[in-house]
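Peer 1: Sharing query_5.csv, CSV, C-alpha atoms and all ligand atoms:
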chain,number,residue,atom,x,y,z
V,1,MET,CA,149.7,198.2,-161.2
V,2,PRO,CA,146.0,197.4,-160.6
V,3,SER,CA,144.5,200.2,-158.6
V,4,ASN,CA,143.5,197.8,-155.7
V,5,ASP,CA,147.2,197.0,-155.2
V,6,GLN,CA,148.1,200.7,-155.1
V,7,LYS,CA,148.7,201.9,-151.6
V,8,THR,CA,149.1,205.4,-150.2
V,9,ILE,CA,152.3,205.4,-148.1
V,10,LEU,CA,153.5,208.1,-145.8
V,11,ILE,CA,157.3,208.3,-145.3
V,12,THR,CA,158.3,210.6,-142.5
V,13,GLY,CA,161.9,211.7,-143.2
V,14,GLY,CA,161.4,211.0,-146.9
V,15,ALA,CA,163.9,213.7,-147.9
V,16,GLY,CA,166.7,212.0,-146.0
V,17,PHE,CA,169.3,209.5,-147.2
V,18,VAL,CA,167.3,206.3,-146.6
V,19,GLY,CA,163.9,208.0,-147.1
V,20,SER,CA,164.7,209.2,-150.6
V,21,HIS,CA,165.7,205.8,-151.7
V,22,LEU,CA,162.6,204.3,-150.2
V,23,CYS,CA,160.6,206.9,-152.2
V,24,ASP,CA,162.3,205.7,-155.3
V,25,ARG,CA,161.5,202.1,-154.6
V,26,LEU,CA,157.8,202.6,-153.6
V,27,LEU,CA,157.1,205.1,-156.5
V,28,SER,CA,158.6,202.7,-159.0
V,29,ALA,CA,156.3,200.0,-157.6
V,30,GLY,CA,153.4,202.3,-158.5
V,31,HIS,CA,152.3,203.4,-155.0
V,32,ARG,CA,151.3,206.9,-154.0
V,33,VAL,CA,154.0,208.3,-151.7
V,34,ILE,CA,153.7,211.2,-149.3
V,35,SER,CA,157.0,212.4,-147.9
V,36,LEU,CA,156.7,214.4,-144.7
V,37,ASP,CA,159.9,216.2,-143.7
V,38,ASN,CA,161.0,219.3,-141.9
V,39,PHE,CA,164.4,219.3,-143.8
V,40,HIS,CA,166.3,219.3,-140.5
V,41,THR,CA,168.9,217.0,-142.1
V,42,GLY,CA,167.1,216.1,-145.4
V,43,ARG,CA,167.6,217.9,-148.7
V,44,ARG,CA,165.1,219.1,-151.2
V,45,THR,CA,167.4,218.0,-153.9
V,46,ASN,CA,166.8,214.4,-152.8
V,47,HIS,CA,163.2,214.9,-154.0
V,48,HIS,CA,164.0,216.5,-157.4
V,49,ARG,CA,163.6,213.1,-159.1
V,50,HIS,CA,160.2,212.6,-157.4
V,51,LEU,CA,158.5,215.9,-158.0
V,52,SER,CA,157.3,215.3,-161.5
V,53,ASN,CA,155.7,212.0,-160.5
V,54,PRO,CA,151.9,212.5,-160.0
V,55,ASN,CA,151.9,209.9,-157.3
V,56,PHE,CA,154.3,211.9,-155.2
V,57,ARG,CA,153.4,214.6,-152.6
V,58,LEU,CA,155.6,216.5,-150.2
V,59,ILE,CA,154.6,217.9,-146.9
V,60,ASP,CA,156.9,220.3,-145.1
V,61,ALA,CA,156.1,219.5,-141.4
V,62,ASP,CA,157.6,218.5,-138.1
V,63,ILE,CA,156.5,215.1,-136.7
V,64,ALA,CA,157.0,216.4,-133.2
V,65,ALA,CA,153.9,218.6,-133.8
V,66,PRO,CA,150.4,217.1,-134.4
V,67,LEU,CA,150.2,215.7,-137.9
V,68,PRO,CA,147.6,216.7,-140.5
V,69,GLU,CA,144.9,214.0,-140.9
V,70,MET,CA,145.5,212.1,-144.1
V,71,ALA,CA,144.3,208.9,-145.6
V,72,VAL,CA,147.2,206.4,-145.6
V,73,ASP,CA,147.6,202.6,-145.8
V,74,GLU,CA,151.2,202.4,-144.5
V,75,ILE,CA,153.6,204.6,-142.6
V,76,TYR,CA,157.4,204.3,-142.5
V,77,ASN,CA,158.6,206.5,-139.6
V,78,LEU,CA,162.1,207.5,-140.6
V,79,ALA,CA,162.2,211.1,-139.4
V,80,CYS,CA,165.1,211.6,-137.1
V,81,PRO,CA,168.6,213.0,-137.5
V,82,ALA,CA,170.8,209.8,-137.7
V,83,SER,CA,174.4,210.9,-137.3
V,84,PRO,CA,176.0,212.0,-134.0
V,85,VAL,CA,176.9,215.5,-135.3
V,86,HIS,CA,173.3,216.2,-136.1
V,87,TYR,CA,171.5,214.4,-133.3
V,88,GLN,CA,173.9,216.0,-130.7
V,89,GLU,CA,173.3,219.5,-132.0
V,90,SER,CA,170.1,219.7,-130.0
V,91,PRO,CA,169.5,216.7,-127.8
V,92,ILE,CA,166.1,218.1,-126.8
V,93,THR,CA,165.0,218.3,-130.5
V,94,THR,CA,166.2,214.7,-131.0
V,95,LEU,CA,164.3,213.5,-128.0
V,96,ARG,CA,161.1,215.4,-129.1
V,97,THR,CA,161.4,213.9,-132.6
V,98,ASN,CA,161.7,210.4,-131.2
V,99,LEU,CA,159.1,210.6,-128.5
V,100,LEU,CA,156.5,213.1,-129.6
V,101,GLY,CA,157.1,212.1,-133.2
V,102,ALA,CA,156.4,208.5,-132.4
V,103,VAL,CA,153.2,209.4,-130.5
V,104,ASN,CA,152.0,211.5,-133.4
V,105,VAL,CA,152.8,208.9,-136.0
V,106,LEU,CA,151.2,206.1,-134.0
V,107,GLU,CA,148.0,208.2,-133.4
V,108,LEU,CA,147.7,208.7,-137.2
V,109,ALA,CA,148.3,205.0,-137.8
V,110,VAL,CA,145.6,204.0,-135.3
V,111,SER,CA,143.1,206.5,-136.6
V,112,GLN,CA,143.8,205.3,-140.2
V,113,ARG,CA,144.2,201.6,-139.4
V,114,ALA,CA,147.5,201.9,-141.2
V,115,ARG,CA,150.4,199.6,-140.7
V,116,VAL,CA,153.3,201.5,-139.2
V,117,LEU,CA,157.1,200.7,-139.4
V,118,GLN,CA,159.6,202.3,-137.0
V,119,ALA,CA,163.1,202.9,-138.2
V,120,SER,CA,164.9,201.9,-135.0
V,121,THR,CA,168.6,201.4,-134.8
V,122,SER,CA,171.5,199.2,-133.7
V,123,GLU,CA,172.2,202.0,-131.2
V,124,VAL,CA,169.5,200.4,-129.0
V,125,TYR,CA,172.2,197.8,-128.1
V,126,GLY,CA,174.6,200.6,-127.0
V,127,ASP,CA,178.1,199.4,-126.5
V,128,PRO,CA,177.1,195.7,-126.8
V,129,LEU,CA,178.5,193.1,-124.4
V,130,ILE,CA,177.5,190.2,-126.7
V,131,HIS,CA,178.6,189.8,-130.3
V,132,PRO,CA,177.0,189.7,-132.8
V,133,GLN,CA,173.8,191.3,-131.5
V,134,THR,CA,170.6,189.3,-131.6
V,135,GLU,CA,167.2,190.9,-131.2
V,136,ASP,CA,166.7,189.4,-127.7
V,137,TYR,CA,169.8,191.2,-126.4
V,138,PHE,CA,168.6,194.1,-124.1
V,139,GLY,CA,171.7,196.3,-124.7
V,140,ASN,CA,174.3,198.2,-122.8
V,141,VAL,CA,173.2,201.8,-123.0
V,142,ASN,CA,174.2,204.9,-121.1
V,143,SER,CA,171.1,207.0,-120.3
V,144,PHE,CA,173.3,210.0,-119.2
V,145,GLY,CA,175.9,210.3,-122.0
V,146,GLU,CA,176.4,212.2,-125.3
V,147,ARG,CA,174.5,209.6,-127.3
V,148,ALA,CA,171.6,209.2,-124.9
V,149,CYS,CA,169.2,211.5,-126.7
V,150,TYR,CA,169.4,209.2,-129.8
V,151,ASP,CA,169.9,205.8,-128.2
V,152,GLU,CA,167.3,206.3,-125.4
V,153,GLY,CA,165.0,208.2,-127.7
V,154,LYS,CA,165.0,205.3,-130.1
V,155,ARG,CA,164.5,202.8,-127.2
V,156,ALA,CA,161.6,204.8,-125.9
V,157,ALA,CA,160.1,205.0,-129.4
V,158,GLU,CA,160.2,201.2,-129.6
V,159,ALA,CA,158.5,201.1,-126.2
V,160,LEU,CA,155.8,203.4,-127.5
V,161,PHE,CA,155.3,201.2,-130.5
V,162,HIS,CA,154.9,198.2,-128.2
V,163,ALA,CA,152.5,200.1,-125.9
V,164,TYR,CA,150.3,201.3,-128.8
V,165,GLU,CA,150.2,197.7,-130.1
V,166,GLN,CA,149.1,196.4,-126.7
V,167,GLU,CA,146.6,199.1,-125.8
V,168,ARG,CA,145.4,200.5,-129.1
V,169,GLY,CA,145.9,197.6,-131.5
V,170,ALA,CA,148.4,199.4,-133.7
V,171,ASP,CA,149.8,197.2,-136.5
V,172,ILE,CA,153.5,197.8,-135.9
V,173,ARG,CA,156.8,196.8,-137.5
V,174,ILE,CA,160.2,197.6,-136.0
V,175,ALA,CA,163.4,197.6,-138.0
V,176,ARG,CA,166.7,197.8,-136.0
V,177,ILE,CA,168.9,199.3,-138.7
V,178,PHE,CA,172.7,198.9,-138.6
V,179,ASN,CA,175.2,201.2,-140.4
V,180,THR,CA,173.9,201.9,-143.9
V,181,TYR,CA,175.7,203.7,-146.6
V,182,GLY,CA,175.3,204.7,-150.3
V,183,PRO,CA,174.6,207.6,-152.6
V,184,ARG,CA,172.9,210.6,-151.1
V,185,MET,CA,174.5,210.4,-147.7
V,186,GLN,CA,175.4,213.8,-146.5
V,187,HIS,CA,179.1,214.6,-147.0
V,188,ASP,CA,179.5,216.4,-143.7
V,189,ASP,CA,177.5,214.2,-141.3
V,190,GLY,CA,180.5,212.6,-139.6
V,191,ARG,CA,179.6,209.1,-140.5
V,192,VAL,CA,182.6,207.0,-141.2
V,193,VAL,CA,181.9,206.0,-144.8
V,194,SER,CA,181.1,209.6,-146.0
V,195,ASN,CA,184.0,210.9,-143.8
V,196,PHE,CA,186.6,208.6,-145.4
V,197,VAL,CA,185.3,209.0,-148.9
V,198,VAL,CA,185.2,212.8,-148.8
V,199,GLN,CA,188.5,213.0,-147.1
V,200,ALA,CA,190.1,210.7,-149.7
V,201,LEU,CA,188.5,212.6,-152.6
V,202,ARG,CA,189.8,215.9,-151.2
V,203,GLN,CA,193.2,214.4,-150.6
V,204,GLN,CA,192.9,215.3,-146.9
V,205,PRO,CA,194.2,213.1,-144.1
V,206,ILE,CA,191.8,210.2,-143.3
V,207,THR,CA,190.6,210.5,-139.7
V,208,LEU,CA,190.8,207.3,-137.7
V,209,TYR,CA,189.5,207.4,-134.2
V,210,GLY,CA,191.5,205.4,-131.6
V,211,ASP,CA,193.8,202.8,-133.2
V,212,GLY,CA,191.2,202.0,-135.9
V,213,SER,CA,190.7,198.4,-134.7
V,214,GLN,CA,187.0,199.0,-133.9
V,215,THR,CA,184.7,197.3,-136.3
V,216,ARG,CA,181.5,198.1,-138.1
V,217,SER,CA,179.4,196.3,-140.7
V,218,PHE,CA,178.1,198.3,-143.6
V,219,CYS,CA,174.8,197.7,-145.5
V,220,PHE,CA,174.3,199.2,-148.9
V,221,VAL,CA,171.1,201.3,-149.0
V,222,ASP,CA,169.4,199.3,-151.7
V,223,ASP,CA,169.7,196.1,-149.5
V,224,LEU,CA,168.3,198.0,-146.5
V,225,VAL,CA,165.3,199.4,-148.5
V,226,ASP,CA,164.6,195.9,-149.7
V,227,GLY,CA,164.6,194.7,-146.1
V,228,LEU,CA,162.3,197.5,-145.0
V,229,VAL,CA,159.8,196.7,-147.7
V,230,ARG,CA,159.8,193.0,-146.9
V,231,LEU,CA,159.4,193.7,-143.2
V,232,MET,CA,156.4,196.0,-143.9
V,233,ALA,CA,154.8,193.3,-146.0
V,234,SER,CA,155.5,190.6,-143.4
V,235,ASP,CA,153.5,189.7,-140.3
V,236,VAL,CA,156.5,190.1,-137.9
V,237,LYS,CA,155.5,192.6,-135.1
V,238,THR,CA,158.7,192.2,-133.0
V,239,PRO,CA,162.0,194.0,-133.7
V,240,VAL,CA,164.1,192.7,-136.6
V,241,ASN,CA,167.8,193.5,-137.2
V,242,LEU,CA,168.5,194.8,-140.8
V,243,GLY,CA,172.2,195.1,-141.6
V,244,ASN,CA,175.1,193.5,-143.3
V,245,PRO,CA,176.9,191.1,-141.1
V,246,ASN,CA,180.3,191.4,-142.8
V,247,GLU,CA,182.6,193.1,-140.4
V,248,PHE,CA,185.4,195.5,-141.2
V,249,THR,CA,187.9,197.3,-139.0
V,250,MET,CA,188.2,201.0,-139.6
V,251,ILE,CA,191.7,200.5,-140.9
V,252,GLU,CA,190.4,198.0,-143.5
V,253,LEU,CA,187.7,200.5,-144.6
V,254,ALA,CA,190.2,203.3,-144.9
V,255,GLY,CA,192.5,201.1,-147.0
V,256,LEU,CA,189.6,200.1,-149.3
V,257,VAL,CA,188.5,203.7,-149.7
V,258,MET,CA,192.1,204.8,-150.6
V,259,GLU,CA,192.4,202.0,-153.1
V,260,LEU,CA,189.1,202.7,-154.8
V,261,THR,CA,189.5,206.5,-154.9
V,262,GLY,CA,193.2,206.3,-155.9
V,263,SER,CA,193.8,208.8,-153.1
V,264,ARG,CA,197.2,209.7,-151.7
V,265,SER,CA,195.7,210.9,-148.4
V,266,SER,CA,197.7,210.2,-145.2
V,267,VAL,CA,196.0,208.8,-142.0
V,268,THR,CA,195.6,210.8,-138.8
V,269,HIS,CA,194.6,209.4,-135.4
V,270,LEU,CA,192.2,211.1,-133.0
V,271,PRO,CA,190.9,209.9,-129.6
V,272,LEU,CA,187.9,207.6,-129.5
V,273,PRO,CA,184.7,209.5,-128.8
V,274,SER,CA,183.0,208.6,-125.5
V,275,ASP,CA,180.4,205.8,-125.7
V,276,ASP,CA,181.7,204.8,-129.2
V,277,PRO,CA,180.9,201.1,-129.6
V,278,LYS,CA,184.0,199.0,-130.2
V,279,ARG,CA,182.3,196.3,-132.2
V,280,ARG,CA,178.9,196.2,-134.0
V,281,ARG,CA,177.6,193.4,-136.1
V,282,PRO,CA,174.1,192.3,-136.6
V,283,ASP,CA,172.9,188.8,-136.2
V,284,ILE,CA,170.4,188.6,-139.2
V,285,ALA,CA,169.1,185.1,-138.7
V,286,LYS,CA,165.7,186.4,-137.8
V,287,ALA,CA,165.4,188.5,-141.0
V,288,GLU,CA,166.7,185.6,-143.1
V,289,ARG,CA,164.2,183.2,-141.6
V,290,LEU,CA,161.1,185.3,-141.4
V,291,LEU,CA,161.6,187.8,-144.3
V,292,GLY,CA,163.7,185.7,-146.6
V,293,TRP,CA,166.1,188.7,-146.6
V,294,THR,CA,169.8,188.8,-146.8
V,295,PRO,CA,172.0,191.6,-148.1
V,296,THR,CA,173.4,190.9,-151.5
V,297,ILE,CA,175.6,193.9,-152.2
V,298,PRO,CA,179.2,193.6,-150.8
V,299,LEU,CA,181.2,196.7,-149.7
V,300,ALA,CA,183.4,196.2,-152.8
V,301,ALA,CA,180.4,196.8,-155.0
V,302,GLY,CA,178.5,199.4,-153.0
V,303,LEU,CA,181.5,201.6,-152.2
V,304,PRO,CA,182.4,202.5,-155.8
V,305,LEU,CA,178.7,203.6,-156.3
V,306,THR,CA,179.0,205.8,-153.2
V,307,ILE,CA,182.4,207.2,-154.3
V,308,ALA,CA,180.9,208.1,-157.7
V,309,PHE,CA,178.1,209.9,-156.0
V,310,PHE,CA,180.4,212.0,-153.8
V,311,ARG,CA,182.8,212.6,-156.7
V,312,ASP,CA,179.9,214.0,-158.8
V,313,ALA,CA,178.4,215.9,-155.9
V,314,LEU,CA,181.6,217.5,-154.8
V,315,THR,CA,182.6,218.5,-158.3
V,316,ALA,CA,179.1,219.8,-159.2
V,317,GLY,CA,179.0,221.7,-155.9
V,318,GLY,CA,182.3,223.4,-156.7
V,319,GLU,CA,183.8,222.1,-153.5
V,320,LEU,CA,186.7,220.4,-155.3
V,321,VAL,CA,188.5,222.8,-157.5
V,322,PRO,CA,191.9,222.3,-159.2
V,323,SER,CA,194.7,224.3,-157.7
V,324,PRO,CA,198.0,225.0,-159.4
V,325,ASP,CA,199.5,225.9,-156.1
V,326,ASP,CA,198.7,222.6,-154.5
V,327,ALA,CA,200.8,219.5,-154.7
V,328,PHE,CA,197.6,217.5,-154.9
V,329,PRO,CA,195.2,217.6,-157.8
V,330,TYR,CA,192.4,219.1,-155.7
V,331,GLN,CA,192.1,221.4,-152.8
V,332,MET,CA,189.1,222.3,-150.7
V,333,SER,CA,187.5,225.7,-151.4
V,334,ALA,CA,186.5,227.9,-148.4
V,335,GLU,CA,183.2,226.5,-146.9
Z,401,LIG,N1,171.6,205.5,-142.1
Z,401,LIG,C1,171.9,204.7,-141.1
Z,401,LIG,O1,173.0,204.1,-141.1
Z,401,LIG,C2,170.9,204.4,-140.0
Z,401,LIG,C3,171.2,203.4,-139.0
Z,401,LIG,C4,170.3,203.2,-138.0
Z,401,LIG,C5,169.1,203.8,-138.0
Z,401,LIG,N2,168.8,204.7,-139.0
Z,401,LIG,C6,167.5,205.4,-138.9
Z,401,LIG,O2,166.9,205.5,-140.2
Z,401,LIG,C7,166.2,206.7,-140.3
Z,401,LIG,C8,166.7,207.5,-141.6
Z,401,LIG,O3,168.1,207.7,-141.4
Z,401,LIG,P1,169.0,208.5,-142.5
Z,401,LIG,O4,170.3,208.0,-142.5
Z,401,LIG,O5,168.2,208.6,-143.8
Z,401,LIG,O6,169.0,210.0,-141.9
Z,401,LIG,P2,168.8,211.4,-142.5
Z,401,LIG,O7,169.2,212.4,-141.5
Z,401,LIG,O8,169.4,211.5,-143.9
Z,401,LIG,O9,167.2,211.4,-142.7
Z,401,LIG,C9,166.4,211.8,-141.6
Z,401,LIG,C10,165.3,212.6,-142.2
Z,401,LIG,O10,164.3,213.0,-141.2
Z,401,LIG,C11,164.0,214.4,-141.3
Z,401,LIG,N3,163.6,214.8,-140.0
Z,401,LIG,C12,164.4,214.9,-138.8
Z,401,LIG,N4,163.7,215.4,-137.8
Z,401,LIG,C13,162.4,215.6,-138.3
Z,401,LIG,C14,161.2,216.0,-137.7
Z,401,LIG,N5,161.2,216.4,-136.4
Z,401,LIG,N6,160.1,216.1,-138.5
Z,401,LIG,C15,160.2,215.8,-139.8
Z,401,LIG,N7,161.3,215.3,-140.4
Z,401,LIG,C16,162.4,215.2,-139.7
Z,401,LIG,C17,165.3,215.0,-141.8
Z,401,LIG,O11,165.1,216.3,-142.4
Z,401,LIG,C18,165.8,213.9,-142.8
Z,401,LIG,O12,165.2,214.2,-144.1
Z,401,LIG,C19,166.4,207.5,-139.0
Z,401,LIG,O13,165.3,207.4,-138.2
Z,401,LIG,C20,167.6,206.8,-138.4
Z,401,LIG,O14,167.7,206.9,-137.0
Z,401,LIG,C21,169.7,205.0,-140.0
Would you mind giving the structure from this file in structure tokens?
Ligand SMILES: NC(=O)c1ccc[n+]([C@@H]2O[C@H](COP(=O)([O-])OP(=O)(O)OC[C@H]3O[C@@H](n4cnc5c(N)ncnc54)[C@H](O)[C@@H]3O)[C@@H](O)[C@H]2O)c1
Peer 2:
Amino acid sequence: MPSNDQKTILITGGAGFVGSHLCDRLLSAGHRVISLDNFHTGRRTNHHRHLSNPNFRLIDADIAAPLPEMAVDEIYNLACPASPVHYQESPITTLRTNLLGAVNVLELAVSQRARVLQASTSEVYGDPLIHPQTEDYFGNVNSFGERACYDEGKRAAEALFHAYEQERGADIRIARIFNTYGPRMQHDDGRVVSNFVVQALRQQPITLYGDGSQTRSFCFVDDLVDGLVRLMASDVKTPVNLGNPNEFTMIELAGLVMELTGSRSSVTHLPLPSDDPKRRRPDIAKAERLLGWTPTIPLAAGLPLTIAFFRDALTAGGELVPSPDDAFPYQMSAE
């Protein structure tokens, strides 16, 4: 790449699931990438592939604390625990990351005249009353519930991005990300794809919440990364939905996972968690029109790649061990 096309790009949360794939993509395009992460939910192993690249730098820091001054052209603000089990562990930490983190990232962006993209979320729509969700829907969010630290934190972060654009001229982009899955998800983060795949591989009962008729749409991580990069390169300063509009019930997802893993797991039903949205599907007309972006990887293609990752990870980690005493080929070792 000619050096004048090479950018220095900060990714907060670069050691996480999405962040590490974004590092792959930007490094392979020849950019200099700085990953800033406090490893709250991210993993150092996600950066093993990057460490030998001279264009890669890792900073172990918390975005809720003032950030070191650094020369950057673009910032992707991904730092935030993304799954309920992690963001509900400490709601105050989640709110600090979303609020103080956004302020610190925006201050850096303004001082560096860097373009800054916020990883927002479909959770800003809460339990939506319209379907599918368009960007102009204001949402149905509970500010006083279990998910408020994340949902309201992300909403306030969007408001901060808007305020910094209005008052300080920040060059902002906002991606409202819907459920994304793929290799390098954490196996224990309680997200439905990783839950089902790991339970199926371990021959444990698959946990369905409620009657399993609630729907989600699943975007493969490579598609999402492509959308984020396109949004950053665009001139669209208002929120844009990024997600795959193909909708599946949880029963359908469980069936597909069982089929692709060849699992003999049974299915167990648990009560629906409070504030759990019943339906969630993005309207991506804006991304299609303004970014020329549409997801290309169907669940039937992305799921086998995700299953292969978990199969390798669980086997290499020794978490799946053959047991002569067990009717199933594998059992879970003590964790
Ligand atoms: N994966 C999805 O389906 C999804 C959906 C909607 C939105 N998002 C958003 O995308 C972003 C990335 O999500 P992910 O799935 O990769 O989650 P993840 O938990 O794998 O990654 C988040 C990363 O942020 C880091 N982090 C958390 N708090 C931090 C702090 N205070 N300072 C520095 N680093 C911190 C974590 O250590 C981790 O590496 C998040 O902002 C999330 O809210 C993800």
Peer 1: What is the CA of Val197 in chain V-CA of Arg44 in chain V distance in Å, reported with one decimal?
Peer 2: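 So the answer is 22.7 Å.
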Peer 1: How many Å separate CA of Pro81 in chain V from CA of Phe220 in chain V?
Peer 2: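 Between CA of Pro81 in chain V and CA of Phe220 in chain V the gap works out to 18.8 Å.
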Peer 1: Please write out the residues within 8 Å of ligand LIG 401 (chain Z) as an MDAnalysis selection string, counting all atoms listed in the file.
Peer 2: chainID V and resid 12:20 36:43 60:64 77:83 86 93:94 96:98 101 118:123 150 154 176:181 185:186 219
Peer 1: Which distance in Å separates CA of Asp24 in chain V and CA of Arg49 in chain V, to one decimal?
Peer 2: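 Going from CA of Asp24 in chain V over to CA of Arg49 in chain V, I get 8.4 Å.
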Peer 1: Using only C-alpha atoms, which protein or nucleic acid residues come within 8 Å of Asp283 in chain V? Drop anything in the same chain fewer than 4 positions from it, and give the result as number ranges by chain.
Peer 2: V: 132-135, 241, 245
Peer 1: Taking (177.2, 194.7, -124.1) in the coordinates of the supplied file, I want to know which residues reach to within 10 Å of it, counting only C-alpha atoms; could you give the answer as JSON, numbers by chain?
Peer 2: {"V": [125, 126, 127, 128, 129, 130, 131, 133, 137, 138, 139, 140, 141, 277, 279]}
Peer 1: May I have the residues at most 9 Å from (180.6, 209.4, -153.8) in the file's coordinates, counting all atoms listed in the file, as a list in words?
Peer 2: Gly182, Pro183, Arg184, Met185, His187, Ser194, Val197, Val198, Leu201, Leu303, Pro304, Leu305, Thr306, Ile307, Ala308, Phe309, Phe310, Arg311, Asp312, Ala313 and Leu314 of chain V
Peer 1: Rebuild range 176-192 of chain V so that it carries N, CA and C atoms, then output the result as a PDB file, in the frame of the given file.
Peer 2:
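File produced: out-v3.pdb:
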ATOM      1  N   ARG V 176     165.471 197.303-136.710  1.00  0.00           N
ATOM      2  CA  ARG V 176     166.700 197.800-136.000  1.00  0.00           C
ATOM      3  C   ARG V 176     167.784 197.878-137.100  1.00  0.00           C
ATOM      4  N   ILE V 177     168.000 199.094-137.572  1.00  0.00           N
ATOM      5  CA  ILE V 177     168.900 199.300-138.700  1.00  0.00           C
ATOM      6  C   ILE V 177     170.324 199.466-138.244  1.00  0.00           C
ATOM      7  N   PHE V 178     171.219 198.732-138.883  1.00  0.00           N
ATOM      8  CA  PHE V 178     172.700 198.900-138.600  1.00  0.00           C
ATOM      9  C   PHE V 178     173.248 199.794-139.716  1.00  0.00           C
ATOM     10  N   ASN V 179     174.503 200.221-139.496  1.00  0.00           N
ATOM     11  CA  ASN V 179     175.200 201.200-140.400  1.00  0.00           C
ATOM     12  C   ASN V 179     174.808 200.945-141.868  1.00  0.00           C
ATOM     13  N   THR V 180     174.284 201.965-142.486  1.00  0.00           N
ATOM     14  CA  THR V 180     173.900 201.900-143.900  1.00  0.00           C
ATOM     15  C   THR V 180     174.614 203.011-144.639  1.00  0.00           C
ATOM     16  N   TYR V 181     175.014 202.725-145.864  1.00  0.00           N
ATOM     17  CA  TYR V 181     175.700 203.700-146.600  1.00  0.00           C
ATOM     18  C   TYR V 181     175.266 203.684-148.078  1.00  0.00           C
ATOM     19  N   GLY V 182     175.642 204.715-148.833  1.00  0.00           N
ATOM     20  CA  GLY V 182     175.300 204.700-150.300  1.00  0.00           C
ATOM     21  C   GLY V 182     175.180 206.140-150.770  1.00  0.00           C
ATOM     22  N   PRO V 183     174.834 206.286-152.054  1.00  0.00           N
ATOM     23  CA  PRO V 183     174.600 207.600-152.600  1.00  0.00           C
ATOM     24  C   PRO V 183     173.582 208.381-151.831  1.00  0.00           C
ATOM     25  N   ARG V 184     173.744 209.681-151.772  1.00  0.00           N
ATOM     26  CA  ARG V 184     172.900 210.600-151.100  1.00  0.00           C
ATOM     27  C   ARG V 184     173.083 210.716-149.583  1.00  0.00           C
ATOM     28  N   MET V 185     174.117 210.028-149.057  1.00  0.00           N
ATOM     29  CA  MET V 185     174.500 210.400-147.700  1.00  0.00           C
ATOM     30  C   MET V 185     174.993 211.800-147.710  1.00  0.00           C
ATOM     31  N   GLN V 186     174.925 212.443-146.549  1.00  0.00           N
ATOM     32  CA  GLN V 186     175.400 213.800-146.500  1.00  0.00           C
ATOM     33  C   GLN V 186     176.971 213.768-146.356  1.00  0.00           C
ATOM     34  N   HIS V 187     177.639 214.709-147.015  1.00  0.00           N
ATOM     35  CA  HIS V 187     179.100 214.600-147.000  1.00  0.00           C
ATOM     36  C   HIS V 187     179.704 215.098-145.692  1.00  0.00           C
ATOM     37  N   ASP V 188     178.900 215.809-144.882  1.00  0.00           N
ATOM     38  CA  ASP V 188     179.500 216.400-143.700  1.00  0.00           C
ATOM     39  C   ASP V 188     178.812 215.899-142.397  1.00  0.00           C
ATOM     40  N   ASP V 189     178.282 214.679-142.436  1.00  0.00           N
ATOM     41  CA  ASP V 189     177.500 214.200-141.300  1.00  0.00           C
ATOM     42  C   ASP V 189     178.357 213.416-140.282  1.00  0.00           C
ATOM     43  N   GLY V 190     179.641 213.293-140.569  1.00  0.00           N
ATOM     44  CA  GLY V 190     180.500 212.600-139.600  1.00  0.00           C
ATOM     45  C   GLY V 190     180.416 211.135-139.591  1.00  0.00           C
ATOM     46  N   ARG V 191     179.611 210.542-140.495  1.00  0.00           N
ATOM     47  CA  ARG V 191     179.600 209.100-140.500  1.00  0.00           C
ATOM     48  C   ARG V 191     180.811 208.555-141.196  1.00  0.00           C
ATOM     49  N   VAL V 192     181.217 207.365-140.806  1.00  0.00           N
ATOM     50  CA  VAL V 192     182.600 207.000-141.200  1.00  0.00           C
ATOM     51  C   VAL V 192     182.740 206.793-142.695  1.00  0.00           C
TER      52      VAL V 192
END
